[in-house]
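Chemist: Take a look at this one; I'll ask things after.
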Amino acid sequence: QEAAKYEKKVMVLDFVMPTPLGNSWGLGGTCVNVGCIPKKLMHQAALLGQALQDSHKYGWQFTEEVKHNWMTMTESVQNYIGSLNWGYRVSLREKNVTYENAYGEFVGPHTVKATNKRGVEKLYTAERFLIATGERPRYLGIPGDNKYCISSDDLFSLPYCPGKTLVVGASYVALECAGFLAGLGLDVTVMVRSILLRGFDQDIANKIGEYMEEHGINFIREFVPIKVEQIEEGTPGRLKVTAKSTTGNQIIEGEYNTVLLAIGRDACTRKIGLDKVGVKINEKTGKIPVNDEEQTNVPYIYAVGDILQDKLELTPVAIQAGRLLVQRLYGGATTKCDYVNVPTTVFTPLEYGACGYSEETAVEKFGEENIEVYHSHFWPLEWTVPSRDNNKCYAKIICNIQDKERVIGFHVLGPSAGEITQGFAAAMKCGLTKEQLDSTIGIHPVCAEV
Amino acid sequence: MGWEEKQVRGYSEFVQTAQRYHGRPIFALFCGDKDAAGRSWCPDCVTAEPVVRKELHNMPDESVFIYCLVGDRTYWKDPNNEFRKNLKLTGVPTLLKYGTPQKLVEEECFKAELVRMLFTED
């Protein structure tokens, strides 16, 4: 849409390869259809369940038992997503961007072939190309995984309640899904191979794990599934999972209605003909290395988003990089995308917002003696009345002593962490120092004042 | 078989008609009432109607096109009218595919390409 503003003739080729279970979706990419949007809505559904519980202590009286209906929630979520898909179609059309629901692949210099779902092929040529194909969930490669397991691609439109669920993985996807499924009242177990939330501040990752465990989510640590078999067909059916320890020879078995795989995502770069045009990719990870102007090794081919090597896998980053790229190409701008101090939030039952360095990375980069960590537990006022945990919420900032105690890492664990973090990210971009933070008077009574 | 048109006036007639054709693709155009001379109080509806009618042949076979007059201007302006409350309509003209989030509102209905997209999208 940005390029169309500059009167360029633009075409979008969007195609979703169906999941092993046959699931597909509309225009908008992962975030809209099987990522951030449905995730946050289901997380909210779980939070509302908690709020109903808390409400008794605040004086709300109701005698009927409150139950959750999976189908009602899924229908509302999918309806909303449908309106977004439609909105994008209208938007592209209004801005004169040609849209084809077809699978694009390079077949030669400046040429792509687009194949639609009926197998009809068309060839298109263009001056420049932008690859933003994103990633898809990885499967384990064990017997039964394709046939019986689901991934996040299937979860948000699952036409039946998943029931007793085993979540395999310790990524934020795994923990967020485990979190809201449990919040909706389901029996959830998380099977973790080694650590939680690799790449995130481990001190906080462990607190998140602890909180989830204390709130009814089972964790099986240091095991990996080696086989999934079906005991009984159904919606949901019954599955038997066999797992092996990573530290010895112990084998365990468990029965679940649903097995959700969330062990990682792989870039969709292997089957789009990149070899035909000479675009180099990292053979091991499938990611595309680009320069700081998002250009691949082939000058007329650019890439943005999750497929980039060594860049953050976040929707707003991809969007920003894409927009700035077009402004540089056609609008005479020179601004490059700033990948530093990008705020993120993990929507686990206890939300985690972060911006900047984790404690470990800060120590590694600057040396332990050069950083100062300030931290505090806090008890949200709203949690006091219903007697919820008084020592779980936590905030910490990491400062660089050598640079006027500049805040280089911000971490908060508590309700509405995402909302809190956004403002601090802007402050960090302005070079926030500890002194400035101290001299900012807090809003009371809110969590952010800590 | 092609498509057929049903003309209705008011909310209950609309709902009854939509229910009767459950299972077939249903498209609906909502416009303000017309006076004795056949002109609507809603100028945008006057502009949109011919554009929509010209694209009707693009609807899939077996479709039902419901042309619905919503009422007079006063009724429409009432924020609690049934169309606003139950169908979540926000303006006239509105062209929508019943039972889906797909719709075009006001000036969007003037654009033949968007109307065609609504009729042919799946």
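Just remember, in the structure tokens the first chain shown is A, the second B, etc., residues are 1-based per chain, and ligands are 1-based in the order shown.
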Just the residues within 12 Å of region 34-50 of chain B, please, counting only C-alpha atoms, with nothing from its chain fewer than 3 positions along; format it as an MDAnalysis selection string.

Modeler: chainID B and resid 9 28:31 53:56 67:77 91:95 104:112 114:115

Chemist: Keeping only N, CA, C and O atoms, take the residues you just selected and write them out as a short mmCIF file (atom, residue, chain, number, x, y, z; two decimals), in the first residue's frame.

Modeler:
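Just written: selection_39.cif:
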data_model
loop_
_atom_site.label_atom_id
_atom_site.label_comp_id
_atom_site.auth_asym_id
_atom_site.auth_seq_id
_atom_site.Cartn_x
_atom_site.Cartn_y
_atom_site.Cartn_z
N ARG B 9 -39.35 -4.24 2.78
CA ARG B 9 -39.30 -2.97 3.47
C ARG B 9 -39.36 -3.22 4.98
O ARG B 9 -40.25 -3.91 5.46
N ALA B 28 -27.41 -8.27 0.29
CA ALA B 28 -28.46 -7.32 0.60
C ALA B 28 -27.98 -5.89 0.42
O ALA B 28 -26.86 -5.54 0.81
N LEU B 29 -28.84 -5.06 -0.20
CA LEU B 29 -28.55 -3.64 -0.34
C LEU B 29 -29.58 -2.89 0.47
O LEU B 29 -30.80 -3.05 0.26
N PHE B 30 -29.12 -2.10 1.43
CA PHE B 30 -30.02 -1.34 2.29
C PHE B 30 -30.03 0.12 1.86
O PHE B 30 -28.98 0.74 1.79
N CYS B 31 -31.22 0.63 1.59
CA CYS B 31 -31.34 2.02 1.15
C CYS B 31 -32.44 2.73 1.92
O CYS B 31 -33.34 2.09 2.48
N ARG B 53 -26.65 -2.46 -9.25
CA ARG B 53 -27.48 -3.23 -10.17
C ARG B 53 -26.71 -3.69 -11.38
O ARG B 53 -26.91 -4.79 -11.90
N LYS B 54 -25.76 -2.85 -11.81
CA LYS B 54 -24.98 -3.21 -12.99
C LYS B 54 -24.08 -4.40 -12.74
O LYS B 54 -23.66 -5.09 -13.66
N GLU B 55 -23.73 -4.64 -11.49
CA GLU B 55 -22.80 -5.74 -11.16
C GLU B 55 -23.50 -7.01 -10.72
O GLU B 55 -22.85 -8.02 -10.45
N LEU B 56 -24.85 -6.97 -10.63
CA LEU B 56 -25.58 -8.13 -10.10
C LEU B 56 -25.30 -9.42 -10.85
O LEU B 56 -25.32 -10.51 -10.27
N TYR B 67 -33.27 -6.41 -1.87
CA TYR B 67 -33.24 -4.96 -1.91
C TYR B 67 -34.14 -4.49 -0.77
O TYR B 67 -35.34 -4.71 -0.80
N CYS B 68 -33.54 -3.87 0.23
CA CYS B 68 -34.29 -3.55 1.44
C CYS B 68 -34.37 -2.06 1.71
O CYS B 68 -33.34 -1.40 1.88
N LEU B 69 -35.60 -1.54 1.77
CA LEU B 69 -35.79 -0.14 2.18
C LEU B 69 -35.86 -0.12 3.69
O LEU B 69 -36.66 -0.86 4.29
N VAL B 70 -35.02 0.70 4.32
CA VAL B 70 -34.94 0.63 5.78
C VAL B 70 -36.01 1.44 6.50
O VAL B 70 -36.38 1.13 7.62
N GLY B 71 -36.49 2.52 5.86
CA GLY B 71 -37.47 3.36 6.54
C GLY B 71 -37.23 4.81 6.19
O GLY B 71 -36.40 5.13 5.33
N ASP B 72 -37.95 5.72 6.85
CA ASP B 72 -37.74 7.13 6.53
C ASP B 72 -36.51 7.67 7.27
O ASP B 72 -35.92 6.99 8.10
N ARG B 73 -36.20 8.92 6.99
CA ARG B 73 -34.97 9.49 7.53
C ARG B 73 -34.95 9.52 9.06
O ARG B 73 -33.96 9.23 9.69
N THR B 74 -36.09 9.83 9.65
CA THR B 74 -36.16 9.92 11.11
C THR B 74 -35.89 8.55 11.75
O THR B 74 -35.15 8.44 12.72
N TYR B 75 -36.52 7.54 11.19
CA TYR B 75 -36.31 6.19 11.70
C TYR B 75 -34.84 5.82 11.61
O TYR B 75 -34.25 5.26 12.53
N TRP B 76 -34.22 6.14 10.47
CA TRP B 76 -32.83 5.76 10.26
C TRP B 76 -31.91 6.48 11.24
O TRP B 76 -30.97 5.89 11.78
N LYS B 77 -32.19 7.76 11.50
CA LYS B 77 -31.31 8.54 12.37
C LYS B 77 -31.38 8.08 13.82
O LYS B 77 -30.48 8.35 14.60
N GLY B 91 -24.45 2.82 8.26
CA GLY B 91 -24.82 3.86 7.32
C GLY B 91 -25.60 3.28 6.16
O GLY B 91 -25.63 2.06 5.95
N VAL B 92 -26.26 4.16 5.41
CA VAL B 92 -26.85 3.73 4.14
C VAL B 92 -26.23 4.58 3.04
O VAL B 92 -25.95 5.76 3.27
N PRO B 93 -26.02 4.00 1.88
CA PRO B 93 -26.29 2.60 1.56
C PRO B 93 -25.28 1.63 2.17
O PRO B 93 -24.13 1.99 2.37
N THR B 94 -25.72 0.41 2.48
CA THR B 94 -24.81 -0.66 2.85
C THR B 94 -25.12 -1.84 1.95
O THR B 94 -26.28 -2.20 1.78
N LEU B 95 -24.07 -2.43 1.39
CA LEU B 95 -24.21 -3.64 0.59
C LEU B 95 -23.44 -4.72 1.32
O LEU B 95 -22.28 -4.53 1.64
N LEU B 104 -19.81 -3.42 2.24
CA LEU B 104 -19.35 -2.14 1.71
C LEU B 104 -20.31 -1.08 2.22
O LEU B 104 -21.52 -1.28 2.24
N VAL B 105 -19.73 0.04 2.65
CA VAL B 105 -20.57 1.06 3.27
C VAL B 105 -20.42 2.40 2.55
O VAL B 105 -19.31 2.80 2.22
N GLU B 106 -21.55 3.07 2.34
CA GLU B 106 -21.58 4.42 1.78
C GLU B 106 -20.76 4.56 0.49
O GLU B 106 -21.05 3.89 -0.47
N GLU B 107 -19.72 5.43 0.49
CA GLU B 107 -19.03 5.69 -0.80
C GLU B 107 -18.41 4.44 -1.39
O GLU B 107 -18.14 4.38 -2.59
N GLU B 108 -18.11 3.43 -0.53
CA GLU B 108 -17.53 2.19 -1.07
C GLU B 108 -18.47 1.58 -2.09
O GLU B 108 -18.05 0.90 -3.03
N CYS B 109 -19.79 1.79 -1.92
CA CYS B 109 -20.78 1.22 -2.83
C CYS B 109 -20.78 1.89 -4.20
O CYS B 109 -21.41 1.40 -5.14
N PHE B 110 -20.10 3.05 -4.34
CA PHE B 110 -20.08 3.72 -5.63
C PHE B 110 -19.08 3.07 -6.56
O PHE B 110 -19.05 3.36 -7.74
N LYS B 111 -18.18 2.25 -5.99
CA LYS B 111 -17.08 1.73 -6.80
C LYS B 111 -17.40 0.36 -7.36
O LYS B 111 -17.45 -0.63 -6.62
N ALA B 112 -17.59 0.32 -8.66
CA ALA B 112 -17.98 -0.93 -9.33
C ALA B 112 -17.02 -2.06 -9.00
O ALA B 112 -17.42 -3.20 -8.78
N LEU B 114 -15.24 -2.59 -6.29
CA LEU B 114 -15.43 -3.14 -4.95
C LEU B 114 -16.70 -3.98 -4.90
O LEU B 114 -16.73 -5.05 -4.28
N VAL B 115 -17.75 -3.49 -5.59
CA VAL B 115 -19.01 -4.24 -5.60
C VAL B 115 -18.79 -5.59 -6.26
O VAL B 115 -19.23 -6.63 -5.75
#

Chemist: Define the interface residues of chain B facing chain A as those within 8 Å, counting only C-alpha atoms, and report them as a ChimeraX atom specification.

Modeler: /B:100-102,113-114

Chemist: Would you list, as an MDAnalysis selection string, the residues of chain B that end up in helix (DSSP H, G or I) under DSSP run on this structure's backbone?

Modeler: chainID B and resid 11:20 43:58 73:77 82:87 106:110 112:120

Chemist: Find the distance between CA of Leu381 (chain A) and CA of Asp438 (chain A) and write it in Å to one decimal.

Modeler: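 Spanning CA of Leu381 (chain A) to CA of Asp438 (chain A) is a straight-line distance of 21.5 Å.
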
Chemist: Per DSSP on the backbone, what are the strand (DSSP E or B) residues of region 128-212 of chain A, as a VMD selection string?

Modeler: chain A and resid 129 to 131 135 to 137 150 to 151 165 to 168 188 to 192

Chemist: Compile the contact shell of Ser63 (chain B) as a PDB file with all heavy atoms, in the first residue's frame: residues with an atom at most 7 Å away, counting only C-alpha atoms, same-chain residues fewer than 3 positions apart removed.

Modeler:
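Heads up, here's the output in around36.pdb:
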ATOM      1  N   TRP B   3     -29.744 -15.796 -10.636  1.00  0.00           N
ATOM      2  CA  TRP B   3     -30.033 -15.228  -9.322  1.00  0.00           C
ATOM      3  C   TRP B   3     -31.438 -14.638  -9.330  1.00  0.00           C
ATOM      4  O   TRP B   3     -32.033 -14.448 -10.394  1.00  0.00           O
ATOM      5  CB  TRP B   3     -29.020 -14.146  -9.001  1.00  0.00           C
ATOM      6  CG  TRP B   3     -28.906 -13.086 -10.046  1.00  0.00           C
ATOM      7  CD1 TRP B   3     -28.099 -13.096 -11.147  1.00  0.00           C
ATOM      8  CD2 TRP B   3     -29.644 -11.859 -10.107  1.00  0.00           C
ATOM      9  NE1 TRP B   3     -28.277 -11.953 -11.883  1.00  0.00           N
ATOM     10  CE2 TRP B   3     -29.218 -11.171 -11.279  1.00  0.00           C
ATOM     11  CE3 TRP B   3     -30.624 -11.273  -9.292  1.00  0.00           C
ATOM     12  CZ2 TRP B   3     -29.736  -9.939 -11.647  1.00  0.00           C
ATOM     13  CZ3 TRP B   3     -31.139 -10.031  -9.667  1.00  0.00           C
ATOM     14  CH2 TRP B   3     -30.683  -9.372 -10.852  1.00  0.00           C
ATOM     15  N   GLU B   4     -31.984 -14.360  -8.133  1.00  0.00           N
ATOM     16  CA  GLU B   4     -33.283 -13.699  -8.084  1.00  0.00           C
ATOM     17  C   GLU B   4     -33.273 -12.538  -7.099  1.00  0.00           C
ATOM     18  O   GLU B   4     -32.451 -12.491  -6.176  1.00  0.00           O
ATOM     19  CB  GLU B   4     -34.395 -14.688  -7.742  1.00  0.00           C
ATOM     20  CG  GLU B   4     -34.180 -15.490  -6.498  1.00  0.00           C
ATOM     21  CD  GLU B   4     -35.305 -16.497  -6.274  1.00  0.00           C
ATOM     22  OE1 GLU B   4     -36.443 -16.058  -6.020  1.00  0.00           O
ATOM     23  OE2 GLU B   4     -35.024 -17.713  -6.339  1.00  0.00           O
ATOM     24  N   ARG B  24     -28.549 -20.443   0.692  1.00  0.00           N
ATOM     25  CA  ARG B  24     -28.101 -19.872  -0.585  1.00  0.00           C
ATOM     26  C   ARG B  24     -27.335 -18.586  -0.294  1.00  0.00           C
ATOM     27  O   ARG B  24     -27.561 -17.953   0.724  1.00  0.00           O
ATOM     28  CB  ARG B  24     -29.319 -19.563  -1.465  1.00  0.00           C
ATOM     29  CG  ARG B  24     -29.945 -20.839  -2.017  1.00  0.00           C
ATOM     30  CD  ARG B  24     -31.322 -20.615  -2.560  1.00  0.00           C
ATOM     31  NE  ARG B  24     -31.320 -19.682  -3.691  1.00  0.00           N
ATOM     32  CZ  ARG B  24     -32.420 -19.420  -4.400  1.00  0.00           C
ATOM     33  NH1 ARG B  24     -33.554 -19.995  -4.072  1.00  0.00           N
ATOM     34  NH2 ARG B  24     -32.373 -18.558  -5.392  1.00  0.00           N
ATOM     35  N   PRO B  25     -26.415 -18.203  -1.208  1.00  0.00           N
ATOM     36  CA  PRO B  25     -25.699 -16.938  -0.963  1.00  0.00           C
ATOM     37  C   PRO B  25     -26.699 -15.778  -0.981  1.00  0.00           C
ATOM     38  O   PRO B  25     -27.497 -15.667  -1.915  1.00  0.00           O
ATOM     39  CB  PRO B  25     -24.736 -16.821  -2.143  1.00  0.00           C
ATOM     40  CG  PRO B  25     -24.754 -18.124  -2.851  1.00  0.00           C
ATOM     41  CD  PRO B  25     -25.985 -18.860  -2.456  1.00  0.00           C
ATOM     42  N   ILE B  26     -26.682 -14.951   0.043  1.00  0.00           N
ATOM     43  CA  ILE B  26     -27.619 -13.829   0.118  1.00  0.00           C
ATOM     44  C   ILE B  26     -26.856 -12.519   0.181  1.00  0.00           C
ATOM     45  O   ILE B  26     -26.008 -12.316   1.043  1.00  0.00           O
ATOM     46  CB  ILE B  26     -28.498 -13.941   1.383  1.00  0.00           C
ATOM     47  CG1 ILE B  26     -29.291 -15.232   1.352  1.00  0.00           C
ATOM     48  CG2 ILE B  26     -29.443 -12.734   1.491  1.00  0.00           C
ATOM     49  CD1 ILE B  26     -30.080 -15.476   2.631  1.00  0.00           C
ATOM     50  N   MET B  59     -22.956 -12.106  -9.368  1.00  0.00           N
ATOM     51  CA  MET B  59     -23.224 -12.920  -8.177  1.00  0.00           C
ATOM     52  C   MET B  59     -23.220 -14.399  -8.576  1.00  0.00           C
ATOM     53  O   MET B  59     -23.580 -14.732  -9.700  1.00  0.00           O
ATOM     54  CB  MET B  59     -24.596 -12.574  -7.586  1.00  0.00           C
ATOM     55  CG  MET B  59     -24.649 -11.195  -6.963  1.00  0.00           C
ATOM     56  SD  MET B  59     -26.160 -10.938  -6.005  1.00  0.00           S
ATOM     57  CE  MET B  59     -27.419 -11.208  -7.218  1.00  0.00           C
ATOM     58  N   PRO B  60     -22.800 -15.265  -7.657  1.00  0.00           N
ATOM     59  CA  PRO B  60     -22.793 -16.690  -7.990  1.00  0.00           C
ATOM     60  C   PRO B  60     -24.219 -17.201  -8.236  1.00  0.00           C
ATOM     61  O   PRO B  60     -25.187 -16.616  -7.742  1.00  0.00           O
ATOM     62  CB  PRO B  60     -22.180 -17.361  -6.763  1.00  0.00           C
ATOM     63  CG  PRO B  60     -22.080 -16.335  -5.717  1.00  0.00           C
ATOM     64  CD  PRO B  60     -22.282 -14.998  -6.313  1.00  0.00           C
TER      65      PRO B  60
END

Chemist: Do you know which residues are at most 12 Å from Glu283 (chain A) counting only C-alpha atoms, after dropping those on the same chain fewer than 5 positions away, and could you put them as a ChimeraX atom specification?

Modeler: /A:266-267,269-270,274-275,288-289,309

Chemist: If we count only C-alpha atoms, what is near Lys95 (chain A) at a cut-off of 12 Å, once residues fewer than 3 positions away on the same chain are taken out, given as a PDB file with C-alpha atoms, in the first residue's frame?

Modeler:
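This went into result_8.pdb:
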ATOM      1  CA  GLN A   1       0.000   0.000   0.000  1.00  0.00           C
ATOM      2  CA  GLU A   2       2.913   2.330   0.742  1.00  0.00           C
ATOM      3  CA  ALA A   3       4.366   1.807  -2.735  1.00  0.00           C
ATOM      4  CA  ALA A   4       0.994   2.442  -4.354  1.00  0.00           C
ATOM      5  CA  LYS A   5       1.002   5.849  -2.682  1.00  0.00           C
ATOM      6  CA  TYR A   6       3.969   6.724  -4.858  1.00  0.00           C
ATOM      7  CA  GLU A   7       2.035   5.723  -7.944  1.00  0.00           C
ATOM      8  CA  LYS A   8       3.953   2.493  -8.473  1.00  0.00           C
ATOM      9  CA  LYS A   9       2.156  -0.412 -10.097  1.00  0.00           C
ATOM     10  CA  VAL A  10       2.013  -3.012  -7.335  1.00  0.00           C
ATOM     11  CA  MET A  11       0.921  -6.639  -7.048  1.00  0.00           C
ATOM     12  CA  TYR A  88      -7.476  -5.613   3.684  1.00  0.00           C
ATOM     13  CA  ARG A  89      -9.048  -6.721   0.406  1.00  0.00           C
ATOM     14  CA  VAL A  90     -11.027  -3.494   0.195  1.00  0.00           C
ATOM     15  CA  SER A  91      -8.005  -1.440   1.196  1.00  0.00           C
ATOM     16  CA  LEU A  92      -5.725  -2.964  -1.428  1.00  0.00           C
ATOM     17  CA  THR A  98      -3.492  -5.912  -7.578  1.00  0.00           C
ATOM     18  CA  TYR A  99      -4.079  -8.896  -5.347  1.00  0.00           C
TER      19      TYR A  99
ATOM     20  CA  GLU B 113     -14.743  -2.797  -8.667  1.00  0.00           C
ATOM     21  CA  LEU B 114     -15.430  -3.137  -4.949  1.00  0.00           C
TER      22      LEU B 114
END
